[in-house]
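Coordinates as given in protein33.txt (compact mmCIF, C-alpha atoms):
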```txt
# COMPACT_ATOMS: atom_id res chain seq x y z
CA MET Y 1 127.66 83.33 157.66
CA GLU Y 2 131.41 83.62 157.44
CA ASN Y 3 131.87 83.18 153.73
CA LYS Y 4 130.04 86.09 152.22
CA ARG Y 5 128.81 85.66 148.69
CA LYS Y 6 130.79 87.58 146.16
CA TRP Y 7 129.21 90.72 144.80
CA ARG Y 8 127.82 89.42 141.52
CA TRP Y 9 126.43 92.64 140.06
CA GLY Y 10 129.52 93.02 137.94
CA VAL Y 11 128.50 89.93 135.99
CA ASN Y 12 124.75 90.06 136.32
CA ARG Y 13 124.36 93.56 134.97
CA TRP Y 14 125.56 92.38 131.57
CA PHE Y 15 122.81 89.80 131.54
CA VAL Y 16 120.30 92.57 132.29
CA PHE Y 17 121.74 94.77 129.55
CA ALA Y 18 121.70 91.86 127.10
CA ALA Y 19 118.06 91.15 127.95
CA MET Y 20 117.16 94.82 127.44
CA ALA Y 21 118.96 94.97 124.11
CA LEU Y 22 117.33 91.74 123.02
CA ALA Y 23 113.90 93.11 123.98
CA ILE Y 24 114.46 96.33 122.00
CA VAL Y 25 115.76 94.47 118.94
CA GLY Y 26 112.97 91.92 119.14
CA ALA Y 27 110.32 94.58 119.51
CA SER Y 28 111.58 96.48 116.49
CA ILE Y 29 111.73 93.38 114.28
CA PHE Y 30 108.40 91.94 115.44
CA PRO Y 31 106.29 94.81 116.80
CA ALA Y 32 103.67 93.69 119.30
CA VAL Y 33 100.13 93.40 118.02
CA SER Y 34 97.36 95.15 119.89
CA PRO Y 35 95.50 92.61 122.00
CA HIS Y 36 92.14 91.09 121.31
CA ILE Y 37 90.17 91.96 124.43
CA GLN Y 38 87.30 89.81 125.53
CA VAL Y 39 85.58 89.69 128.91
CA ALA Y 40 84.37 86.10 128.72
CA PRO Y 41 87.08 83.43 128.86
CA GLU Y 42 87.91 81.82 125.53
CA ALA Y 43 86.86 78.24 124.97
CA LEU Y 44 89.70 75.89 124.11
CA THR Y 45 87.62 73.35 122.20
CA GLU Y 46 85.00 73.91 119.57
CA HIS Y 47 82.51 71.48 121.02
CA PRO Y 48 81.63 70.83 124.66
CA LEU Y 49 83.40 67.83 126.17
CA PHE Y 50 80.29 66.43 127.83
CA THR Y 51 76.89 67.59 128.92
CA LEU Y 52 75.68 67.42 132.50
CA PRO Y 53 71.95 66.98 133.07
CA VAL Y 54 71.14 70.11 135.11
CA ILE Y 55 74.19 72.35 134.90
CA GLY Y 56 74.67 72.27 131.15
CA GLU Y 57 77.50 71.86 128.73
CA PHE Y 58 81.05 71.58 129.95
CA ILE Y 59 83.39 73.63 127.79
CA PRO Y 60 87.03 73.78 128.90
CA THR Y 61 88.15 77.42 128.98
CA ASN Y 62 91.63 78.82 129.34
CA THR Y 63 90.92 80.28 132.78
CA LEU Y 64 89.96 76.80 133.98
CA VAL Y 65 93.40 75.57 132.93
CA ALA Y 66 94.94 78.42 134.92
CA VAL Y 67 92.89 77.60 138.03
CA LEU Y 68 94.07 73.99 137.81
CA LEU Y 69 97.65 75.26 137.47
CA VAL Y 70 97.24 77.37 140.62
CA ASP Y 71 95.80 74.36 142.42
CA VAL Y 72 98.77 72.23 141.40
CA ILE Y 73 101.19 74.90 142.66
CA LEU Y 74 99.42 75.18 146.01
CA ILE Y 75 99.10 71.43 146.53
CA THR Y 76 102.76 70.88 145.64
CA MET Y 77 103.71 73.55 148.16
CA ALA Y 78 101.55 71.90 150.82
CA LEU Y 79 103.05 68.45 150.11
CA LEU Y 80 106.59 69.82 150.32
CA VAL Y 81 105.85 71.42 153.68
CA ARG Y 82 104.22 68.21 154.89
CA LYS Y 83 107.29 66.22 153.91
CA ALA Y 84 109.53 68.70 155.69
CA THR Y 85 107.50 68.65 158.91
CA ARG Y 86 107.29 64.84 158.89
CA SER Y 87 111.05 64.52 158.51
CA GLY Y 88 111.48 65.58 162.13
CA GLU Y 89 113.77 68.52 161.64
CA LEU Y 90 112.89 71.22 164.11
CA VAL Y 91 114.36 74.11 162.17
CA PRO Y 92 112.48 74.52 158.90
CA LYS Y 93 114.51 75.70 155.96
CA GLY Y 94 113.94 76.35 152.31
CA ILE Y 95 110.35 76.46 151.17
CA SER Y 96 108.90 75.13 154.40
CA GLY Y 97 110.61 77.89 156.36
CA ALA Y 98 109.18 80.52 154.06
CA VAL Y 99 105.70 78.98 154.27
CA GLU Y 100 105.95 78.77 158.05
CA ALA Y 101 106.83 82.46 158.33
CA LEU Y 102 103.96 83.36 156.00
CA ILE Y 103 101.40 81.22 157.81
CA GLU Y 104 102.53 82.45 161.20
CA GLY Y 105 102.17 86.07 160.12
CA LEU Y 106 98.70 85.44 158.72
CA TYR Y 107 97.65 83.53 161.83
CA ASN Y 108 98.82 86.26 164.20
CA LEU Y 109 96.90 88.80 162.15
CA THR Y 110 93.76 86.65 162.39
CA GLU Y 111 94.17 86.14 166.11
CA SER Y 112 94.57 89.84 166.81
CA THR Y 113 91.33 90.55 164.94
CA ALA Y 114 89.12 87.55 165.62
CA GLY Y 115 90.31 86.37 169.04
CA LYS Y 116 89.07 82.93 170.00
CA TRP Y 117 87.35 82.36 166.64
CA ALA Y 118 90.70 82.57 164.83
CA LYS Y 119 90.83 78.77 164.48
CA SER Y 120 87.70 78.58 162.35
CA ILE Y 121 88.27 81.81 160.42
CA PHE Y 122 91.94 81.33 159.60
CA PRO Y 123 91.58 78.49 157.03
CA TRP Y 124 89.20 80.53 154.87
CA PHE Y 125 91.35 83.65 155.14
CA ALA Y 126 94.63 81.90 154.33
CA THR Y 127 93.22 79.75 151.52
CA ILE Y 128 91.53 82.66 149.77
CA THR Y 129 94.57 84.88 150.13
CA LEU Y 130 97.04 82.30 148.79
CA MET Y 131 94.73 81.21 145.98
CA VAL Y 132 94.07 84.75 144.78
CA LEU Y 133 97.74 85.65 145.20
CA PHE Y 134 98.99 82.85 142.97
CA ALA Y 135 96.16 83.42 140.53
CA ASN Y 136 97.11 87.08 140.21
CA TRP Y 137 100.81 86.44 139.91
CA LEU Y 138 100.21 84.04 137.03
CA GLU Y 139 99.95 87.04 134.71
CA LEU Y 140 103.58 87.94 135.38
CA ILE Y 141 104.83 84.73 133.76
CA PRO Y 142 105.83 85.26 130.12
CA GLY Y 143 103.75 83.11 127.80
CA VAL Y 144 100.58 83.30 129.83
CA ASP Y 145 98.03 85.17 127.69
CA SER Y 146 100.30 85.04 124.65
CA ILE Y 147 100.95 81.39 123.74
CA GLY Y 148 97.99 79.55 122.40
CA ILE Y 149 95.97 78.23 119.52
CA LEU Y 150 95.79 80.26 116.33
CA HIS Y 151 92.23 81.04 115.49
CA GLN Y 152 90.91 82.40 112.22
CA THR Y 153 88.89 85.61 112.61
CA GLN Y 154 87.83 88.57 110.51
CA HIS Y 155 89.84 91.21 112.38
CA GLY Y 156 93.11 89.39 112.75
CA TYR Y 157 96.76 89.67 111.89
CA PRO Y 158 98.96 88.07 109.26
CA LEU Y 159 100.85 84.93 110.09
CA ILE Y 160 104.53 84.11 109.84
CA GLN Y 161 105.98 80.63 110.08
CA LEU Y 162 108.68 80.42 112.74
CA SER Y 163 109.52 76.73 112.44
CA GLN Y 164 107.80 73.40 111.96
CA GLY Y 165 104.32 73.70 113.48
CA ILE Y 166 105.05 76.96 115.27
CA ALA Y 167 103.74 80.25 113.94
CA ALA Y 168 103.29 83.77 115.24
CA ILE Y 169 101.06 86.69 114.36
CA VAL Y 170 102.71 89.97 113.44
CA ARG Y 171 101.47 93.50 113.04
CA GLY Y 172 100.03 94.49 109.70
CA GLU Y 173 97.05 94.15 107.42
CA ALA Y 174 96.08 90.59 106.68
CA ALA Y 175 94.55 89.41 103.44
CA ALA Y 176 90.89 88.46 103.65
CA GLY Y 177 90.42 84.94 104.96
CA GLU Y 178 93.99 84.73 106.23
CA ALA Y 179 93.65 86.77 109.40
CA PHE Y 180 94.46 85.02 112.64
CA ASN Y 181 94.24 85.67 116.33
CA VAL Y 182 95.61 83.84 119.33
CA ILE Y 183 93.46 82.00 121.85
CA PRO Y 184 95.84 81.63 124.81
CA TYR Y 185 96.13 78.27 126.53
CA VAL Y 186 96.36 79.92 129.95
CA ARG Y 187 94.61 83.11 130.92
CA VAL Y 188 94.77 84.69 134.37
CA PRO Y 189 91.83 83.30 136.37
CA SER Y 190 91.08 86.62 138.04
CA THR Y 191 90.15 88.08 134.66
CA ASP Y 192 87.21 85.69 134.58
CA LEU Y 193 84.09 86.73 136.46
CA ASN Y 194 83.28 83.07 137.19
CA PHE Y 195 86.34 82.81 139.42
CA THR Y 196 85.86 86.07 141.31
CA VAL Y 197 82.12 85.71 141.81
CA SER Y 198 82.44 82.15 143.08
CA LEU Y 199 85.16 83.16 145.55
CA ALA Y 200 83.00 86.09 146.70
CA ILE Y 201 79.97 83.82 147.17
CA ILE Y 202 82.08 81.34 149.16
CA SER Y 203 83.36 84.16 151.33
CA VAL Y 204 79.94 85.71 152.02
CA VAL Y 205 78.13 82.39 152.60
CA MET Y 206 80.81 81.16 154.99
CA THR Y 207 80.56 84.47 156.85
CA GLN Y 208 76.90 83.64 157.55
CA VAL Y 209 77.79 80.09 158.59
CA ILE Y 210 80.45 81.26 161.04
CA GLY Y 211 78.11 83.94 162.38
CA LEU Y 212 75.40 81.33 162.96
CA ARG Y 213 77.83 79.01 164.70
CA ALA Y 214 79.12 81.79 166.93
CA GLN Y 215 75.86 83.44 167.92
CA GLY Y 216 73.24 80.80 167.26
CA PRO Y 217 69.79 81.90 166.03
CA ARG Y 218 70.39 85.35 167.50
CA TYR Y 219 72.58 86.03 164.48
CA LEU Y 220 69.48 86.12 162.27
CA SER Y 221 68.17 89.13 164.17
CA LYS Y 222 70.85 91.10 162.34
CA PHE Y 223 68.84 90.67 159.15
CA PHE Y 224 65.31 90.61 160.54
CA ASN Y 225 65.37 92.57 163.75
CA VAL Y 226 62.07 92.06 165.61
CA THR Y 227 63.60 92.10 169.10
CA THR Y 228 62.68 95.71 169.84
CA ILE Y 229 59.45 96.09 167.85
CA PHE Y 230 57.16 95.21 170.77
CA LYS Y 231 59.00 97.20 173.41
CA LYS Y 232 59.05 100.53 171.56
CA PRO Y 233 57.00 100.28 168.35
CA GLY Y 234 58.25 103.45 166.64
CA LEU Y 235 61.96 102.90 166.94
CA GLY Y 236 61.51 99.15 166.68
CA LEU Y 237 60.04 99.57 163.21
CA MET Y 238 63.08 101.65 162.30
CA ASP Y 239 65.31 98.86 163.58
CA LEU Y 240 63.45 96.41 161.34
CA LEU Y 241 64.00 98.61 158.29
CA VAL Y 242 67.69 99.06 159.11
CA SER Y 243 68.13 95.31 159.49
CA ILE Y 244 66.58 94.72 156.07
CA LEU Y 245 69.11 97.17 154.66
CA GLU Y 246 71.74 94.99 156.32
CA LEU Y 247 70.40 92.04 154.34
CA ILE Y 248 70.75 93.98 151.09
CA SER Y 249 74.28 95.03 151.97
CA GLU Y 250 75.18 91.38 152.34
CA PHE Y 251 74.32 90.84 148.68
CA SER Y 252 76.18 93.93 147.60
CA LYS Y 253 79.26 92.50 149.31
CA VAL Y 254 79.34 89.77 146.66
CA LEU Y 255 79.28 92.41 143.96
CA SER Y 256 81.97 94.60 145.45
CA PHE Y 257 84.23 91.65 146.29
CA SER Y 258 84.06 90.18 142.81
CA PHE Y 259 84.22 93.35 140.74
CA ARG Y 260 87.11 94.80 142.72
CA LEU Y 261 89.30 91.79 142.01
CA PHE Y 262 88.06 91.36 138.44
CA GLY Y 263 88.48 95.04 137.58
CA ASN Y 264 91.97 95.38 138.96
CA ILE Y 265 93.43 92.29 137.36
CA PHE Y 266 91.55 92.61 134.08
CA ALA Y 267 92.67 96.22 133.67
CA GLY Y 268 96.20 95.14 134.57
CA SER Y 269 96.44 92.36 132.04
CA VAL Y 270 94.95 94.55 129.30
CA LEU Y 271 97.37 97.32 130.22
CA LEU Y 272 100.36 94.97 129.97
CA PHE Y 273 99.51 94.19 126.35
CA LEU Y 274 98.39 97.68 125.37
CA VAL Y 275 101.62 99.27 126.59
CA GLY Y 276 103.58 96.83 124.47
CA SER Y 277 101.56 97.56 121.37
CA ILE Y 278 101.23 101.34 121.70
CA LEU Y 279 104.77 102.31 122.63
CA PRO Y 280 107.61 102.37 120.08
CA ALA Y 281 110.21 99.60 120.19
CA GLY Y 282 112.76 101.68 122.11
CA ALA Y 283 110.42 101.97 125.06
CA VAL Y 284 109.76 98.30 125.78
CA TRP Y 285 111.30 98.78 129.22
CA MET Y 286 108.11 100.68 130.12
CA GLN Y 287 106.40 97.31 130.08
CA SER Y 288 108.76 96.14 132.83
CA GLY Y 289 107.59 99.06 134.95
CA ILE Y 290 103.98 98.03 134.41
CA LEU Y 291 104.97 94.47 135.26
CA LEU Y 292 106.44 95.60 138.60
CA PHE Y 293 103.28 97.62 139.25
CA GLU Y 294 101.14 94.57 138.51
CA PHE Y 295 103.22 92.54 140.97
CA PHE Y 296 102.15 94.90 143.76
CA ILE Y 297 98.57 95.17 142.52
CA GLY Y 298 98.27 91.37 142.55
CA LEU Y 299 99.68 91.19 146.09
CA ILE Y 300 97.52 94.03 147.40
CA GLN Y 301 94.31 92.73 145.84
CA ALA Y 302 94.91 89.25 147.27
CA VAL Y 303 95.55 90.72 150.72
CA VAL Y 304 92.49 92.98 150.43
CA PHE Y 305 90.25 90.08 149.44
CA GLY Y 306 91.50 87.90 152.27
CA MET Y 307 91.55 90.65 154.89
CA LEU Y 308 88.00 91.75 154.09
CA THR Y 309 86.80 88.15 154.34
CA MET Y 310 88.54 87.84 157.69
CA VAL Y 311 87.20 91.13 159.02
CA PHE Y 312 83.63 90.38 157.94
CA MET Y 313 83.84 86.92 159.50
CA SER Y 314 85.15 88.23 162.79
CA MET Y 315 82.49 90.95 162.76
CA ALA Y 316 79.88 88.22 162.34
CA THR Y 317 81.13 86.33 165.40
CA HIS Y 318 80.25 89.16 167.76
CA GLY Y 319 77.01 90.94 166.97
CA HIS Y 320 76.66 94.66 167.54
CA GLY Y 321 73.90 94.00 170.06
CA ASP Y 322 76.31 92.39 172.52
CA GLU Y 323 76.63 95.43 174.74
CA GLU Y 324 72.88 95.80 175.19
CA HIS Y 325 72.50 92.15 176.12
CA ALA Y 326 75.27 92.46 178.66
CA GLU Y 327 73.30 95.20 180.41
CA ALA Y 328 69.94 93.47 180.37
CA MET Z 1 73.81 104.81 112.14
CA THR Z 2 77.03 104.91 110.19
CA GLY Z 3 80.22 103.53 111.57
CA ASP Z 4 82.05 106.80 112.05
CA LEU Z 5 79.50 108.24 114.43
CA VAL Z 6 79.60 105.08 116.54
CA ALA Z 7 83.40 105.18 116.66
CA ALA Z 8 83.33 108.82 117.76
CA ALA Z 9 80.75 108.01 120.43
CA LYS Z 10 82.96 105.20 121.71
CA LEU Z 11 85.94 107.50 122.07
CA ILE Z 12 83.89 110.21 123.76
CA GLY Z 13 82.30 107.67 126.09
CA ALA Z 14 85.66 106.20 127.05
CA GLY Z 15 86.97 109.66 127.81
CA LEU Z 16 83.90 110.59 129.83
CA SER Z 17 84.01 107.38 131.84
CA MET Z 18 87.48 108.26 133.07
CA ILE Z 19 86.00 111.29 134.90
CA GLY Z 20 85.25 108.82 137.65
CA ALA Z 21 88.98 108.51 138.30
CA LEU Z 22 88.65 111.96 139.91
CA GLY Z 23 87.04 110.41 142.96
CA GLY Z 24 89.75 107.77 143.24
CA GLY Z 25 92.43 110.46 143.09
CA VAL Z 26 90.77 112.53 145.79
CA GLY Z 27 90.34 109.42 147.94
CA ILE Z 28 93.99 108.38 147.61
CA GLY Z 29 95.12 111.90 148.39
CA LEU Z 30 92.96 112.10 151.49
CA SER Z 31 94.09 108.75 152.85
CA VAL Z 32 97.77 109.53 152.28
CA GLN Z 33 97.30 112.94 153.87
CA GLY Z 34 95.70 111.40 156.94
CA ALA Z 35 98.40 108.75 157.24
CA LEU Z 36 101.21 111.26 156.80
CA THR Z 37 99.75 113.56 159.45
CA GLY Z 38 99.56 110.63 161.81
CA MET Z 39 103.12 109.54 160.99
CA ALA Z 40 104.47 113.06 161.53
CA ARG Z 41 102.85 113.26 164.95
CA ASN Z 42 103.79 109.76 166.01
CA PRO Z 43 106.68 108.34 163.98
CA ASP Z 44 106.62 105.11 166.01
CA ALA Z 45 103.22 104.21 164.56
CA SER Z 46 104.36 104.60 160.96
CA GLY Z 47 104.70 100.86 160.33
CA ASN Z 48 101.12 100.23 161.38
CA LEU Z 49 99.78 103.27 159.57
CA LEU Z 50 101.49 102.28 156.34
CA VAL Z 51 99.55 99.00 156.17
CA TYR Z 52 96.20 100.69 156.68
CA MET Z 53 97.15 103.47 154.28
CA ILE Z 54 97.91 100.96 151.54
CA LEU Z 55 94.64 99.15 152.24
CA GLY Z 56 92.75 102.43 151.98
CA ILE Z 57 94.57 103.32 148.79
CA ALA Z 58 93.64 99.94 147.32
CA PHE Z 59 89.97 100.59 148.07
CA SER Z 60 89.86 104.04 146.53
CA GLU Z 61 91.98 102.90 143.62
CA ALA Z 62 89.49 100.14 142.87
CA ILE Z 63 86.91 102.82 142.05
CA ALA Z 64 89.24 104.42 139.52
CA ILE Z 65 89.99 100.98 138.09
CA TYR Z 66 86.27 100.35 137.52
CA CYS Z 67 86.32 103.45 135.30
CA LEU Z 68 89.41 102.17 133.49
CA VAL Z 69 87.72 98.83 132.84
CA ILE Z 70 84.64 100.58 131.45
CA ALA Z 71 86.86 102.72 129.24
CA PHE Z 72 88.73 99.64 127.97
CA LEU Z 73 85.47 97.83 127.31
CA MET Z 74 84.08 100.81 125.38
CA LEU Z 75 87.22 101.19 123.30
CA PHE Z 76 87.95 97.58 122.45
CA VAL Z 77 85.01 95.31 123.10
CA LEU Z 78 81.81 97.19 122.28
```
Now, as a test, write the supplied structure out as structure tokens.
Amino acid sequence: MENKRKWRWGVNRWFVFAAMALAIVGASIFPAVSPHIQVAPEALTEHPLFTLPVIGEFIPTNTLVAVLLVDVILITMALLVRKATRSGELVPKGISGAVEALIEGLYNLTESTAGKWAKSIFPWFATITLMVLFANWLELIPGVDSIGILHQTQHGYPLIQLSQGIAAIVRGEAAAGEAFNVIPYVRVPSTDLNFTVSLAIISVVMTQVIGLRAQGPRYLSKFFNVTTIFKKPGLGLMDLLVSILELISEFSKVLSFSFRLFGNIFAGSVLLFLVGSILPAGAVWMQSGILLFEFFIGLIQAVVFGMLTMVFMSMATHGHGDEEHAEA
Amino acid sequence: MTGDLVAAAKLIGAGLSMIGALGGGVGIGLSVQGALTGMARNPDASGNLLVYMILGIAFSEAIAIYCLVIAFLMLFVL
């Protein structure tokens, strides 16, 4: 590292100032509209594409597009790393070096918690963490949640024509029958309960599978504990009741997993739009602060989701009755 | 019911639902207090403590965020 890079702040700060000035001017000419908030993901087509016999109609939604986008990003990353490892270079650089550092950190974390079961727990942990991470960070990209199809509604905004085929909605009262709203092409997947609940179900079900593989049928005594009921009937009955509570807590895990992620990211993406529409044009930089905050929230929620999955899985591999069995 | 009463009830409900953020604030304060006490006694452990502190903060913050979501839903969706 002999040739140090020149200190470029002298140039770059003017770009930052220009961007800030542009944002303030833009926000005062076209003030941001207050967002249309909807819990369910918006459908992109009017009619379902096809109908499956048992499951029902298939309607493409904007969160589905976002999930596919995240998949493409992850698969591209994996293919790049594969190409780099196949090329025979021992020192990884560029994206494969970054991915190697990330994966190594995650694997060491898993090994320190789960011990010898790290090999079967790690794929779930790393996949869930990376998937949720990229899904959360999608909301930081400009255009996500704001570029989309114009849709005629009753409580909408007036339309201005920007150029051929491109229009935008602006703040103000629209004439009846000419009010529009935007249905975004891409919406952050974590703001859709389908995504979070399915990830939570995958995490909880695989926890049971790994527990069964590690402990065999003895794992089931965690949920239906009849091992002590004949030895000491009074306390054994209590054990049975406690183990049934354990079964209920397993279902509540799905709820807490999914609503934690959904709530954080949904509130974040609503906040990003609300701040833009409530504040005056001179304060658009506040939105950048919220954006930075959302960057950390997305990272922390992904790590929390993955870490909890990993901790629950490694707790399932060694039952709490191990010590008693060692004595007997 | 007329529209005005419903609008007022929405605003009051959104405000009331944010009372729940109290618990999140207390939780964050307690976890930071515990971590800071630990860091002051053993500065070498601060790197480890910071990770667990942030995890704890994320958990207690999630409770406050549930309230925020309910408030948003009351204000804009209902």
Between CA of Glu42 in chain Y and CA of Ile183 in chain Y, distance in Å (one decimal): 6.7 Å
From Z:Val77, Z:Ala8, Z:Met39, Z:Ala21, residue lying nearest chain Y [only C-alpha atoms]: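 Comparing Z:Val77, Z:Ala8, Z:Met39, Z:Ala21 against chain Y, the winner is Z:Val77.
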Point (85.0, 101.4, 127.4), cut-off 9 Å, counting all atoms listed in the file, residues as an NGL selection string: :Z and (10-11 or 13-15 or 17 or 67-78)
Distance query range 47-55 of chain Z at most 12 Å, only C-alpha atoms, self and fewer than 2 positions along chain excluded, as JSON, numbers by chain: {"Y": [296, 297, 299, 300, 301, 302, 303, 304, 305, 306, 307, 308], "Z": [27, 28, 29, 30, 31, 32, 33, 34, 35, 36, 37, 38, 39, 40, 41, 42, 43, 44, 45, 57, 58, 59, 60, 61, 62]}
Y:Tyr107, Y:Ala267, Y:Gly211, Y:Val275 ranked by distance to chain Z, top pick (using only C-alpha atoms):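 Closest to chain Z of all the choices is Y:Ala267.
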Atomic distance CA of Ile201 in chain Y - CA of Trp124 in chain Y, expressed in Å with one decimal: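 Separation of CA of Ile201 in chain Y and CA of Trp124 in chain Y: 12.5 Å.
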Pick from Y:Thr153, Y:Ser198, Y:Ser87, Y:Ser258 nearest to chain Z, counting only C-alpha atoms: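 Among Y:Thr153, Y:Ser198, Y:Ser87, Y:Ser258, it is Y:Ser258 that comes nearest to chain Z.
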